[in-house]
file model-v5.cif (mmCIF, C-alpha atoms)
data_my_file
#
loop_
_atom_site.label_atom_id
_atom_site.label_comp_id
_atom_site.auth_asym_id
_atom_site.auth_seq_id
_atom_site.Cartn_x
_atom_site.Cartn_y
_atom_site.Cartn_z
CA MET Y 98 -22.52 6.62 -8.08
CA LYS Y 99 -23.77 3.14 -8.78
CA LEU Y 100 -21.99 0.08 -7.43
CA VAL Y 101 -22.92 -3.33 -8.74
CA ALA Y 102 -21.77 -6.84 -8.00
CA PRO Y 103 -18.30 -7.88 -9.23
CA ALA Y 104 -18.14 -8.07 -13.00
CA ALA Y 105 -16.25 -10.44 -15.21
CA ALA Y 106 -12.49 -10.33 -14.99
CA GLY Y 107 -12.27 -8.97 -18.51
CA LEU Y 108 -13.88 -5.75 -17.36
CA LEU Y 109 -11.14 -4.92 -14.88
CA LEU Y 110 -9.30 -1.73 -15.62
CA LEU Y 111 -5.91 -3.37 -15.37
CA SER Y 112 -3.19 -3.06 -17.95
CA ALA Y 113 -0.53 -5.66 -18.69
CA CYS Y 114 0.83 -6.89 -15.39
CA ALA Y 115 3.84 -8.69 -14.03
CA THR Y 116 4.34 -12.28 -15.06
CA ALA Y 117 6.03 -14.87 -12.95
CA SER Y 118 7.19 -18.44 -13.26
CA PRO Y 119 8.50 -20.62 -10.45
CA GLN Y 120 12.22 -21.21 -10.48
CA ALA Y 121 12.52 -23.09 -7.21
CA GLU Y 122 10.47 -23.48 -4.07
CA ASP Y 123 9.67 -20.05 -2.58
CA THR Y 124 11.68 -18.35 -5.35
CA VAL Y 125 9.98 -16.37 -8.09
CA VAL Y 126 11.62 -14.63 -11.04
CA THR Y 127 9.44 -11.72 -12.06
CA SER Y 128 9.33 -9.82 -15.33
CA VAL Y 129 7.62 -6.44 -15.09
CA VAL Y 130 6.04 -5.10 -18.26
CA ARG Y 131 7.22 -1.51 -18.63
CA ALA Y 132 4.62 -0.15 -21.06
CA ALA Y 133 1.15 0.97 -20.00
CA GLU Y 134 -1.90 0.34 -22.15
CA PRO Y 135 -3.72 3.40 -23.55
CA LEU Y 136 -6.46 4.77 -21.31
CA THR Y 137 -9.71 6.48 -22.33
CA ALA Y 138 -11.73 8.85 -20.18
CA SER Y 139 -15.01 7.40 -18.96
CA LEU Y 140 -17.59 8.14 -16.30
CA THR Y 141 -18.17 4.40 -15.86
CA VAL Y 142 -15.31 2.14 -14.82
CA THR Y 143 -14.86 -1.25 -13.21
CA ASP Y 144 -12.22 -1.34 -10.50
CA PRO Y 145 -9.78 -4.19 -9.79
CA HIS Y 146 -12.20 -5.81 -7.34
CA GLY Y 147 -15.09 -5.78 -9.77
CA GLN Y 148 -16.99 -2.76 -8.46
CA ARG Y 149 -18.67 -0.84 -11.26
CA VAL Y 150 -18.46 2.90 -10.59
CA THR Y 151 -20.59 5.43 -12.46
CA LEU Y 152 -20.42 9.18 -11.86
CA ALA Y 153 -22.48 12.00 -13.32
CA GLU Y 154 -19.41 14.15 -14.06
CA PRO Y 155 -15.63 13.98 -13.62
CA PRO Y 156 -14.76 14.41 -9.92
CA GLU Y 157 -12.56 17.34 -8.96
CA ARG Y 158 -13.11 17.65 -5.20
CA ILE Y 159 -12.05 14.33 -3.69
CA VAL Y 160 -11.93 13.53 0.03
CA CYS Y 161 -9.48 10.77 0.95
CA LEU Y 162 -10.26 8.46 3.86
CA ASN Y 163 -7.58 5.91 2.94
CA GLY Y 164 -3.93 6.09 1.94
CA LEU Y 165 -4.53 4.79 -1.56
CA CYS Y 166 -6.69 7.80 -2.37
CA ASP Y 167 -4.12 10.42 -1.32
CA ASP Y 168 -1.55 8.73 -3.50
CA LEU Y 169 -3.78 8.41 -6.55
CA VAL Y 170 -5.06 11.97 -6.39
CA VAL Y 171 -1.54 13.39 -6.18
CA ASP Y 172 -0.35 11.17 -9.04
CA LEU Y 173 -3.13 12.62 -11.20
CA GLY Y 174 -1.96 16.17 -10.53
CA LEU Y 175 -4.77 16.98 -8.11
CA THR Y 176 -4.85 17.75 -4.39
CA PRO Y 177 -7.38 16.14 -2.02
CA VAL Y 178 -9.85 18.64 -0.57
CA GLY Y 179 -9.64 16.66 2.66
CA THR Y 180 -7.67 13.75 4.09
CA SER Y 181 -7.67 11.49 7.14
CA ASN Y 182 -3.98 10.71 6.55
CA PRO Y 183 -2.02 13.91 7.28
CA ALA Y 184 1.18 12.00 8.07
CA LEU Y 185 1.05 10.40 4.62
CA ILE Y 186 0.03 13.38 2.50
CA THR Y 187 2.92 15.40 4.02
CA HIS Y 188 5.48 12.66 3.30
CA PRO Y 189 8.04 13.74 0.65
CA ALA Y 190 6.82 10.92 -1.60
CA LEU Y 191 3.45 12.72 -1.90
CA LEU Y 192 3.08 16.46 -1.28
CA GLY Y 193 5.73 17.05 1.37
CA ASP Y 194 5.34 20.31 3.29
CA ALA Y 195 2.63 21.45 0.86
CA GLY Y 196 0.43 18.67 2.21
CA ALA Y 197 0.02 20.58 5.47
CA ALA Y 198 -2.45 22.84 3.65
CA VAL Y 199 -4.85 19.94 3.01
CA PRO Y 200 -7.71 20.01 5.57
CA VAL Y 201 -7.67 17.06 7.95
CA VAL Y 202 -10.97 15.23 8.41
CA PRO Y 203 -11.64 14.97 12.15
CA GLY Y 204 -12.59 11.76 13.88
CA THR Y 205 -11.03 8.35 14.27
CA PHE Y 206 -10.27 5.98 11.40
CA GLY Y 207 -13.56 4.44 10.32
CA SER Y 208 -15.56 6.93 12.36
CA GLU Y 209 -14.67 10.17 10.60
CA ASP Y 210 -16.90 13.21 11.14
CA VAL Y 211 -19.43 12.99 8.31
CA GLU Y 212 -20.59 16.58 8.79
CA ALA Y 213 -16.99 17.74 8.36
CA ILE Y 214 -16.71 15.68 5.18
CA ALA Y 215 -19.91 17.24 3.85
CA GLY Y 216 -18.53 20.69 4.65
CA LEU Y 217 -15.66 20.06 2.23
CA GLU Y 218 -18.24 19.78 -0.57
CA PRO Y 219 -16.72 16.69 -2.20
CA ASP Y 220 -17.93 15.19 -5.44
CA LEU Y 221 -16.24 11.88 -4.55
CA VAL Y 222 -15.16 10.25 -1.27
CA ILE Y 223 -12.78 7.29 -1.31
CA GLY Y 224 -12.54 5.02 1.73
CA LEU Y 225 -11.50 1.54 2.77
CA PRO Y 226 -13.75 -1.55 2.53
CA GLY Y 227 -14.44 -3.17 5.86
CA VAL Y 228 -13.75 0.14 7.59
CA HIS Y 229 -15.96 2.81 6.01
CA ASP Y 230 -18.94 0.68 4.98
CA ALA Y 231 -21.01 1.96 7.88
CA LEU Y 232 -20.54 5.55 6.71
CA ARG Y 233 -22.05 4.86 3.29
CA PRO Y 234 -25.69 5.84 4.06
CA ALA Y 235 -24.63 9.18 5.55
CA ILE Y 236 -21.94 10.06 2.98
CA GLU Y 237 -24.01 9.09 -0.03
CA GLY Y 238 -26.54 11.70 1.02
CA PHE Y 239 -24.17 14.30 -0.45
CA ALA Y 240 -21.43 12.48 -2.43
CA PRO Y 241 -20.57 9.09 -3.95
CA LEU Y 242 -18.49 6.77 -1.74
CA TRP Y 243 -15.99 4.43 -3.38
CA LEU Y 244 -14.39 1.78 -1.18
CA ALA Y 245 -11.04 0.70 -2.60
CA GLU Y 246 -8.20 -1.52 -1.40
CA PRO Y 247 -5.50 -3.09 -3.60
CA ALA Y 248 -4.00 -6.46 -2.68
CA THR Y 249 -1.11 -6.24 -5.17
CA TRP Y 250 0.83 -3.50 -6.92
CA GLU Y 251 -0.97 -4.48 -10.12
CA GLU Y 252 -4.26 -3.65 -8.42
CA SER Y 253 -2.82 -0.30 -7.28
CA VAL Y 254 -2.17 0.37 -10.95
CA GLY Y 255 -5.74 -0.67 -11.73
CA TYR Y 256 -7.16 1.80 -9.23
CA LEU Y 257 -4.98 4.57 -10.65
CA ARG Y 258 -6.26 3.82 -14.14
CA ALA Y 259 -9.86 3.75 -12.90
CA LEU Y 260 -9.59 7.14 -11.19
CA GLY Y 261 -7.66 8.51 -14.15
CA ALA Y 262 -10.53 7.53 -16.43
CA LEU Y 263 -13.16 9.00 -14.10
CA THR Y 264 -11.35 12.32 -13.73
CA GLY Y 265 -10.40 12.51 -17.41
CA ARG Y 266 -6.73 12.70 -16.41
CA THR Y 267 -5.74 9.80 -18.61
CA ASP Y 268 -2.35 11.14 -19.70
CA GLU Y 269 -1.33 11.70 -16.08
CA ALA Y 270 -2.45 8.19 -15.13
CA VAL Y 271 -0.57 6.50 -17.97
CA ARG Y 272 2.54 8.55 -17.29
CA ALA Y 273 2.49 7.68 -13.57
CA GLU Y 274 1.92 4.01 -14.36
CA GLU Y 275 4.81 3.81 -16.82
CA THR Y 276 7.11 5.63 -14.40
CA PHE Y 277 6.33 3.11 -11.68
CA ARG Y 278 6.57 0.10 -13.98
CA GLY Y 279 9.97 1.21 -15.21
CA HIS Y 280 11.19 1.88 -11.69
CA LEU Y 281 10.04 -1.52 -10.45
CA ALA Y 282 11.48 -3.31 -13.48
CA ASP Y 283 14.86 -1.67 -12.85
CA ALA Y 284 14.69 -2.60 -9.18
CA VAL Y 285 13.90 -6.25 -9.95
CA ALA Y 286 16.83 -6.42 -12.38
CA ARG Y 287 19.12 -4.81 -9.82
CA THR Y 288 18.29 -7.27 -7.04
CA ARG Y 289 18.83 -10.21 -9.39
CA ASP Y 290 22.18 -8.84 -10.56
CA ASN Y 291 23.69 -7.87 -7.21
CA GLY Y 292 22.47 -10.77 -5.07
CA GLN Y 293 19.93 -8.81 -2.99
CA ALA Y 294 17.21 -11.13 -4.30
CA ALA Y 295 18.59 -13.94 -2.12
CA ARG Y 296 18.15 -11.96 1.11
CA LYS Y 297 15.27 -12.98 3.37
CA ILE Y 298 13.12 -9.97 4.28
CA LEU Y 299 10.47 -9.43 6.95
CA LEU Y 300 7.97 -6.58 7.37
CA MET Y 301 6.34 -6.50 10.80
CA TYR Y 302 4.30 -4.30 13.16
CA GLY Y 303 2.25 -4.57 16.34
CA SER Y 304 3.48 -5.24 19.87
CA VAL Y 305 5.45 -7.83 21.77
CA ASP Y 306 2.18 -9.48 22.73
CA ALA Y 307 0.96 -9.74 19.12
CA ILE Y 308 3.63 -9.40 16.46
CA GLY Y 309 1.90 -8.75 13.16
CA VAL Y 310 3.53 -9.73 9.88
CA ASP Y 311 2.57 -8.45 6.45
CA THR Y 312 2.36 -11.80 4.67
CA ALA Y 313 3.37 -12.52 1.10
CA SER Y 314 -0.33 -12.14 0.26
CA SER Y 315 -0.37 -8.51 1.44
CA LEU Y 316 0.32 -5.52 -0.77
CA LYS Y 317 3.75 -4.74 0.74
CA GLY Y 318 4.67 -8.40 1.22
CA HIS Y 319 3.80 -9.14 -2.40
CA LEU Y 320 5.86 -6.14 -3.53
CA LEU Y 321 8.90 -7.09 -1.45
CA ASP Y 322 8.59 -10.66 -2.70
CA GLN Y 323 9.19 -9.36 -6.23
CA LEU Y 324 12.58 -8.04 -5.12
CA PHE Y 325 13.79 -10.33 -2.36
CA ASP Y 326 13.04 -13.65 -0.64
CA TYR Y 327 9.93 -13.08 1.47
CA PRO Y 328 9.26 -16.37 3.32
CA PHE Y 329 6.21 -15.31 5.31
CA PRO Y 330 3.04 -16.88 3.89
CA ALA Y 331 -0.39 -16.37 5.37
CA LYS Y 332 -1.05 -18.75 8.25
CA GLY Y 333 -4.76 -19.15 7.59
CA GLY Y 334 -7.72 -17.64 9.38
CA ASP Y 335 -9.87 -14.72 8.34
CA THR Y 336 -7.06 -12.48 7.04
CA ASP Y 337 -4.58 -13.64 4.42
CA THR Y 338 -2.69 -10.36 4.31
CA ALA Y 339 -1.65 -10.25 7.97
CA SER Y 340 -0.77 -12.98 10.45
CA ASN Y 341 0.60 -13.08 13.97
CA TYR Y 342 3.99 -14.73 14.34
CA SER Y 343 5.79 -15.61 17.56
CA VAL Y 344 9.41 -14.60 18.04
CA GLU Y 345 10.32 -18.27 17.76
CA GLU Y 346 8.58 -18.49 14.38
CA LEU Y 347 10.43 -15.40 13.17
CA LEU Y 348 13.73 -16.98 14.21
CA ALA Y 349 12.87 -20.17 12.34
CA ARG Y 350 12.44 -18.16 9.11
CA GLN Y 351 15.91 -16.60 9.54
CA PRO Y 352 15.26 -13.13 8.04
CA ASP Y 353 18.39 -11.21 7.03
CA VAL Y 354 16.67 -7.80 7.15
CA VAL Y 355 13.65 -6.69 9.18
CA PHE Y 356 11.55 -3.61 8.50
CA VAL Y 357 9.27 -2.49 11.33
CA TYR Y 358 6.48 0.05 11.26
CA SER Y 359 5.65 0.70 14.88
CA LEU Y 360 2.14 1.91 15.66
CA LEU Y 361 2.77 4.71 18.13
CA PHE Y 362 -0.13 6.61 19.67
CA SER Y 363 1.73 8.84 22.14
CA SER Y 364 5.22 10.16 22.75
CA GLU Y 365 5.58 7.63 25.56
CA ASP Y 366 5.01 4.60 23.31
CA ARG Y 367 8.10 2.55 22.50
CA THR Y 368 8.91 1.20 19.07
CA LEU Y 369 8.34 -2.49 18.56
CA SER Y 370 12.03 -3.19 17.98
CA SER Y 371 12.94 -1.50 21.26
CA GLN Y 372 10.28 -3.53 23.08
CA LEU Y 373 11.87 -6.71 21.74
CA ALA Y 374 15.46 -5.67 22.39
CA ASP Y 375 15.86 -7.70 25.59
CA ASN Y 376 14.22 -10.85 24.26
CA PRO Y 377 16.94 -13.55 24.00
CA VAL Y 378 15.20 -15.33 21.12
CA TRP Y 379 14.80 -12.07 19.19
CA ARG Y 380 18.52 -11.36 19.58
CA GLN Y 381 19.27 -14.62 17.75
CA VAL Y 382 17.39 -13.53 14.59
CA PRO Y 383 20.06 -12.95 11.90
CA ALA Y 384 18.79 -9.46 11.11
CA VAL Y 385 18.96 -8.49 14.78
CA ALA Y 386 22.41 -9.97 15.29
CA SER Y 387 23.78 -8.09 12.26
CA GLY Y 388 22.09 -4.77 13.03
CA GLN Y 389 19.69 -5.00 10.10
CA VAL Y 390 16.45 -4.03 11.87
CA HIS Y 391 15.03 -0.80 10.48
CA GLU Y 392 12.17 1.24 11.92
CA VAL Y 393 10.31 2.81 8.99
CA HIS Y 394 7.61 5.45 8.45
CA ALA Y 395 4.44 3.85 9.79
CA LYS Y 396 1.98 5.59 7.47
CA LEU Y 397 4.06 5.14 4.34
CA TRP Y 398 4.75 1.44 4.92
CA GLY Y 399 1.49 0.63 6.68
CA ALA Y 400 -1.15 2.78 4.95
CA GLY Y 401 0.48 3.89 1.69
CA ARG Y 402 -1.11 1.87 -1.10
CA GLY Y 403 -0.56 3.95 -4.24
CA LEU Y 404 2.35 4.05 -6.66
CA ARG Y 405 4.19 6.94 -5.01
CA SER Y 406 4.19 5.17 -1.66
CA LEU Y 407 5.20 1.87 -3.23
CA THR Y 408 8.07 3.55 -5.09
CA ALA Y 409 9.34 5.00 -1.82
CA VAL Y 410 9.07 1.59 -0.12
CA VAL Y 411 11.07 -0.02 -2.96
CA ASP Y 412 13.76 2.65 -2.75
CA GLU Y 413 14.08 2.42 1.05
CA ALA Y 414 14.28 -1.36 0.90
CA LEU Y 415 16.93 -1.32 -1.83
CA ALA Y 416 19.00 1.13 0.21
CA GLU Y 417 18.95 -1.03 3.35
CA VAL Y 418 19.18 -4.61 2.08
CA PRO Y 419 22.81 -5.73 1.71
CA ALA Y 420 23.95 -6.85 -1.73
#

call {"tool": "encode", "arguments": {"input": "model-v5.cif", "output": "structure tokens"}}
result
Amino acid sequence: MKLVAPAAAGLLLLSACATASPQAEDTVVTSVVRAAEPLTASLTVTDPHGQRVTLAEPPERIVCLNGLCDDLVVDLGLTPVGTSNPALITHPALLGDAGAAVPVVPGTFGSEDVEAIAGLEPDLVIGLPGVHDALRPAIEGFAPLWLAEPATWEESVGYLRALGALTGRTDEAVRAEETFRGHLADAVARTRDNGQAARKILLMYGSVDAIGVDTASSLKGHLLDQLFDYPFPAKGGDTDTASNYSVEELLARQPDVVFVYSLLFSSEDRTLSSQLADNPVWRQVPAVASGQVHEVHAKLWGAGRGLRSLTAVVDEALAEVPA
């Protein structure tokens, strides 16, 4: 595989995307285009971040080192030959119980066992930029490595189209795209009609010492902002997609509903919402006072980046946010 510097925007494999126009401060009315553009098979594509990817033949044995990959591969009617996200691949939104048959790549995130990956005989490995870069020299000794991370749902669509073109599964890619677009368009219309769009939503993670917030510039924050009021912009610094907020800052934003994906590493770890339960400032947050704090699936909400995961996030949010 050859990767070259970002190409012109016109080369991006993105179809028609959502359009938005400001209605009032912090309020956006979004129109989601339902139709997907035709897609042609190609062994050379340019992904949403401008990486040009060229393969010698359509990939069939794909190892997934990030949540986007698992999602895309399943949407195309394939099964990963290996994954580092067993909790995601076995979620009902992806393969469910059948996902337990997918071999799990040993090692920690970003330091996966390269020999184990090689043993799976992949013809493509997909990882996360900023995490798997150091593995490139070793992995590319036996398979191409594609580092992919969408910042918006439109970019998730772009990655699906790129992999659909590379694998030759163009019909599957277009069908999955149109299904998602239609689902999101219906969801946007629903929240505008029933008043859910006015509700202030927060997605958070971390610990009481460092409460992380998926900002409106993150994939999930951007998605939720299409449906509801998501008043959590990036606060500056090196990362636009995630910022630390104090409990006092959360209270000032007055969220009506809070979704929490707690990062638990042992059975003794407590969820973030339970850690905050005795904090007097936290108890004043409208969502807390009204019982609208929801612990959600950490891998789905935290690592899921493809259209199946995003569809599940939309559905869970719609079910919990009061009309």

call {"tool": "residues_around", "arguments": {"input": "model-v5.cif", "residues": "Asn182 of chain Y", "least_positions_apart": "2", "cutoff": "8 Å", "atoms": "all atoms listed in the file", "output": "list in words"}}
result
Cys161, Leu162, Asn163, Gly164, Asp167, Thr180, Ala184, Leu185, Ile186, Val201 and Lys396 of chain Y

call {"tool": "residues_around", "arguments": {"input": "model-v5.cif", "residues": "Val160 of chain Y", "least_positions_apart": "6", "cutoff": "6 Å", "atoms": "only C-alpha atoms", "output": "list in words"}}
result
Pro177, Val178, Gly179, Thr180 and Val222 of chain Y

call {"tool": "resolve_selection", "arguments": {"input": "model-v5.cif", "expression": "the PyMOL selection byres ((chain Y and resi 140-145) around 7)", "output": "list in words"}}
result
Leu108, Leu109, Leu110, Leu111, Ser139, His146, Gly147, Gln148, Arg149, Val150, Thr151, Leu152, Ala153, Glu154, Pro155, Glu252, Gly255, Tyr256, Ala259 and Leu263 of chain Y

call {"tool": "residues_around", "arguments": {"input": "model-v5.cif", "residues": "Ser253 of chain Y", "least_positions_apart": "4", "cutoff": "7 Å", "atoms": "only C-alpha atoms", "output": "short mmCIF file (atom, residue, chain, number, x, y, z; two decimals) with C-alpha atoms, in the frame of the given file"}}
result
data_model
loop_
_atom_site.label_atom_id
_atom_site.label_comp_id
_atom_site.auth_asym_id
_atom_site.auth_seq_id
_atom_site.Cartn_x
_atom_site.Cartn_y
_atom_site.Cartn_z
CA PRO Y 247 -5.50 -3.09 -3.60
CA THR Y 249 -1.11 -6.24 -5.17
CA LEU Y 257 -4.98 4.57 -10.65
CA ARG Y 402 -1.11 1.87 -1.10
CA GLY Y 403 -0.56 3.95 -4.24
CA LEU Y 404 2.35 4.05 -6.66
#

call {"tool": "residues_around", "arguments": {"input": "model-v5.cif", "residues": "Glu237 of chain Y", "least_positions_apart": "5", "cutoff": "10 Å", "atoms": "only C-alpha atoms", "output": "ChimeraX atom specification"}}
result
/Y:98,215,221-222,232,242-243

call {"tool": "write_last_selection", "arguments": {"input": "model-v5.cif", "atoms": "C-alpha atoms", "output": "tab-separated table (two decimals), in the coordinates of the input"}}
result
chain	number	residue	atom	x	y	z
Y	98	MET	CA	-22.52	6.62	-8.08
Y	215	ALA	CA	-19.91	17.24	3.85
Y	221	LEU	CA	-16.24	11.88	-4.55
Y	222	VAL	CA	-15.16	10.25	-1.27
Y	232	LEU	CA	-20.54	5.55	6.71
Y	242	LEU	CA	-18.49	6.77	-1.74
Y	243	TRP	CA	-15.99	4.43	-3.38

call {"tool": "resolve_selection", "arguments": {"input": "model-v5.cif", "expression": "the PyMOL selection byres ((chain Y and resi 372-382) around 9)", "output": "VMD selection string"}}
result
chain Y and resid 304 to 305 344 to 345 347 to 353 367 to 371 383 to 387

call {"tool": "atom_distance", "arguments": {"input": "model-v5.cif", "atom1": "atom CA of Val228 of chain Y", "atom2": "atom CA of Thr176 of chain Y"}}
result
23.1 Å

call {"tool": "closest_residue", "arguments": {"input": "model-v5.cif", "among": "Y:Ala198, Y:Ala420, Y:Leu316, Y:Val254", "to": "Ala400 of chain Y", "atoms": "all atoms listed in the file"}}
result
Y:Leu316

call {"tool": "axis_aligned_box", "arguments": {"input": "model-v5.cif", "around": "segment 261-277 of chain Y", "padding_each_side": "3 Å", "output": "lines of an AutoDock Vina configuration file"}}
result
center_x = -3.0
center_y = 7.9
center_z = -15.7
size_x = 26.3
size_y = 15.6
size_z = 14.0

call {"tool": "resolve_selection", "arguments": {"input": "model-v5.cif", "expression": "the PyMOL selection byres ((chain Y and resi 208-212) around 10)", "output": "ChimeraX atom specification"}}
result
/Y:162,181,202-207,213-217,228-229,231-233,235-236

call {"tool": "residues_around", "arguments": {"input": "model-v5.cif", "residues": "Ala414 of chain Y", "least_positions_apart": "2", "cutoff": "10 Å", "atoms": "all atoms listed in the file", "output": "ChimeraX atom specification"}}
result
/Y:298,321,324-325,354-356,391,393,408-412,416-419
